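Encoded as structure tokens, the structure appears first; notes follow it.
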Amino acid sequence: MSATIAEPRLVLAGQWTLFWWKFRRHRVAVAGLGVILALYLVAAFAEFLAPFPPDLPNTRYTYAPPQALHLFMDGAFAPHVLGYKVQIDPVAMRRVFVENPAERIPVRFLAEGPAYDMWGLFPMRTHLIGVDRPGQPLFLLGADRLGRDLLSRVLYATRVSLSIGLVGVTISLSLGVLLGGLSGYFGGAIDTIIQRLIELVRSIPTIPLWMGMAAAVPTSWPPLRTYFIITLIISLIGWTSLAREVRGKFLVLRHEDFITAARLDGLSDLAIIYQHMVPSFLSHIIAAVTLAIPGMILAETALSFLGIGLQPPIVSWGVLLQESQNIRAVASAPWLLFAPGAAVVTAVLALNFLGDGLRDAADPYA
């Protein structure tokens, strides 16, 4: 009985309804969507979530290890961290930080701290967590070579790295749909020229091409302009795959009856492309774009890690990983590698899981 009821419901359902029914059955993809939404919320509210500004140094605590957040003290809810005391490592003959149980530093929620401008518009001093007195250590993910809080730097870096992926994919999407659509819709000489251009771009090794284009960016440029150019460089490489997929779809769709009817109705070629052809496989484009964002994030990370992408004072995951290249950082301060590395792995895996679920949901009858 339930099958006979479900069958008409399935037949009458629209494209997006079928898409959603199939997607929500993909549990891993739904979890990935939750993680991605959380990461973009972190990026949007980085100033509020970070205990300190990303460039605030505290030279007393260079390479300080992560502190554990204790929520209870003497049976009562009293969030706190233990302070540090300095010892001398008898083997390496250098100072090391160890926990000092005698010093308990209270951690306040919605605490007043260093001033910042939320989204560059609203002056605020409230942070999600903070300490009572300026200068007290609160390094939940440890500190770097200048005593800067790594948690705050990772939170601020999330905004830069994820926005590069989103903006880069938006530019690649526009180029891919436009050029791929023109190639598949018109064919002939236009198709030949665009396909040879795609083959030329894809034939050049990616890393040397990135290095050459990034090396042309003047080091004297301000950070915002450098950020824009690096985003543009990454986007100019990533549009070719989507253009090929769009071309293949257009080659099939341009002979369909509804396209012929739209052409006889007097619609322009661009109107036919964007009003009829693109919406017919929009779910596939969404899946392809979602799978392309991790590539953009990894590209920015690789360029910054190699020293030819974003540079300080801009904070991105790649810039943070670049700071962990020396032997001391890996040997005595592994958190400098693990914290941004974990952020990159989490974002890339979540986006890939989400993209797999969207790709499966794009074919609801499969």
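Residues are referred to by chain and number: the chain letter is A, B, ... according to the order shown in the structure tokens, the number counts from 1 in that chain, and ligands are numbered separately from 1 in the order shown.
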
Practice task
Step one, run DSSP on the backbone; step two, keep only residues of stretch 133-318 of chain A assigned to alpha helix (DSSP H); then write them as an MDAnalysis selection string.
Solution key: chainID A and resid 150:186 188:203 206:215 223:237 240:253 257:264 269:272 278:280 282:305 317:318

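Proximity to A:Leu162 at 10 Å, evaluated using only C-alpha atoms and with sequence-adjacent residues fewer than 4 positions away removed, yields A:Ile36, A:Leu39, A:Tyr40, A:Ala43, A:Ala157, A:Thr158, A:Leu166, A:Val167, A:Gly168, A:Ile293, A:Pro294, A:Met296, A:Ile297, A:Glu300, A:Ser316, A:Trp317, A:Val344, A:Ala347.
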
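One finds atom CA of A:Arg108 at 7.3 Å from atom CA of A:Asp132.
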
Selection near A:Val35, 10 Å with only C-alpha atoms, sequence-local residues under 4 positions removed, as a PDB file with N, CA and C atoms, in the first residue's frame:
```
ATOM      1  N   ALA A  29      27.113  13.210   3.384  1.00  0.00           N
ATOM      2  CA  ALA A  29      27.026  14.499   2.706  1.00  0.00           C
ATOM      3  C   ALA A  29      26.295  15.529   3.574  1.00  0.00           C
ATOM      4  N   VAL A  30      25.249  15.099   4.275  1.00  0.00           N
ATOM      5  CA  VAL A  30      24.540  16.011   5.174  1.00  0.00           C
ATOM      6  C   VAL A  30      25.463  16.459   6.300  1.00  0.00           C
ATOM      7  N   ALA A  31      26.258  15.519   6.838  1.00  0.00           N
ATOM      8  CA  ALA A  31      27.240  15.895   7.860  1.00  0.00           C
ATOM      9  C   ALA A  31      28.267  16.871   7.296  1.00  0.00           C
ATOM     10  N   LEU A  39      31.958  26.096   9.322  1.00  0.00           N
ATOM     11  CA  LEU A  39      33.205  26.774   8.957  1.00  0.00           C
ATOM     12  C   LEU A  39      32.950  28.168   8.402  1.00  0.00           C
ATOM     13  N   TYR A  40      31.910  28.310   7.593  1.00  0.00           N
ATOM     14  CA  TYR A  40      31.623  29.638   7.048  1.00  0.00           C
ATOM     15  C   TYR A  40      31.060  30.571   8.119  1.00  0.00           C
ATOM     16  N   LEU A  41      30.373  30.032   9.125  1.00  0.00           N
ATOM     17  CA  LEU A  41      29.970  30.864  10.257  1.00  0.00           C
ATOM     18  C   LEU A  41      31.192  31.320  11.045  1.00  0.00           C
ATOM     19  N   THR A 346      39.954  19.099   7.348  1.00  0.00           N
ATOM     20  CA  THR A 346      38.527  19.100   7.683  1.00  0.00           C
ATOM     21  C   THR A 346      37.702  19.766   6.587  1.00  0.00           C
ATOM     22  N   ALA A 347      38.141  20.927   6.124  1.00  0.00           N
ATOM     23  CA  ALA A 347      37.387  21.645   5.098  1.00  0.00           C
ATOM     24  C   ALA A 347      37.355  20.869   3.784  1.00  0.00           C
ATOM     25  N   LEU A 349      37.814  17.562   3.242  1.00  0.00           N
ATOM     26  CA  LEU A 349      37.017  16.340   3.346  1.00  0.00           C
ATOM     27  C   LEU A 349      35.522  16.661   3.373  1.00  0.00           C
ATOM     28  N   ALA A 350      35.129  17.668   4.152  1.00  0.00           N
ATOM     29  CA  ALA A 350      33.711  18.024   4.223  1.00  0.00           C
ATOM     30  C   ALA A 350      33.179  18.467   2.863  1.00  0.00           C
ATOM     31  N   LEU A 351      33.954  19.260   2.136  1.00  0.00           N
ATOM     32  CA  LEU A 351      33.518  19.706   0.809  1.00  0.00           C
ATOM     33  C   LEU A 351      33.451  18.540  -0.172  1.00  0.00           C
ATOM     34  N   LEU A 354      30.340  16.566   0.712  1.00  0.00           N
ATOM     35  CA  LEU A 354      29.176  17.316   0.247  1.00  0.00           C
ATOM     36  C   LEU A 354      29.048  17.228  -1.262  1.00  0.00           C
TER      37      LEU A 354
END
```

Practice task
Name the residues in contact with stretch 110-122 of chain A at a cut-off of 7 Å, using only C-alpha atoms, excluding same-chain residues fewer than 6 positions from it; report them as a VMD selection string.
Solution key: chain A and resid 47 52 128 to 130

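Taking atom CA of A:Arg225 and atom CA of A:Leu175 as the two end points, the separation is 21.3 Å.
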
Practice task
Identify which of the residues A:Leu358, A:Leu209, A:Ile198, A:Val278 lies closest to A:Val28, counting only C-alpha atoms when measuring atom-to-atom distances.
Solution key: A:Leu358

Problem - All residues 7 Å or closer to stretch 137-154 of chain A, only C-alpha atoms, same chain fewer than 2 positions away omitted, as a ChimeraX atom specification - result: /A:50-68,135,156-158,315,317,335-336,340

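Counting from atom CA of A:Ile171, the distance to atom CA of A:Gly212 is 20.5 Å.
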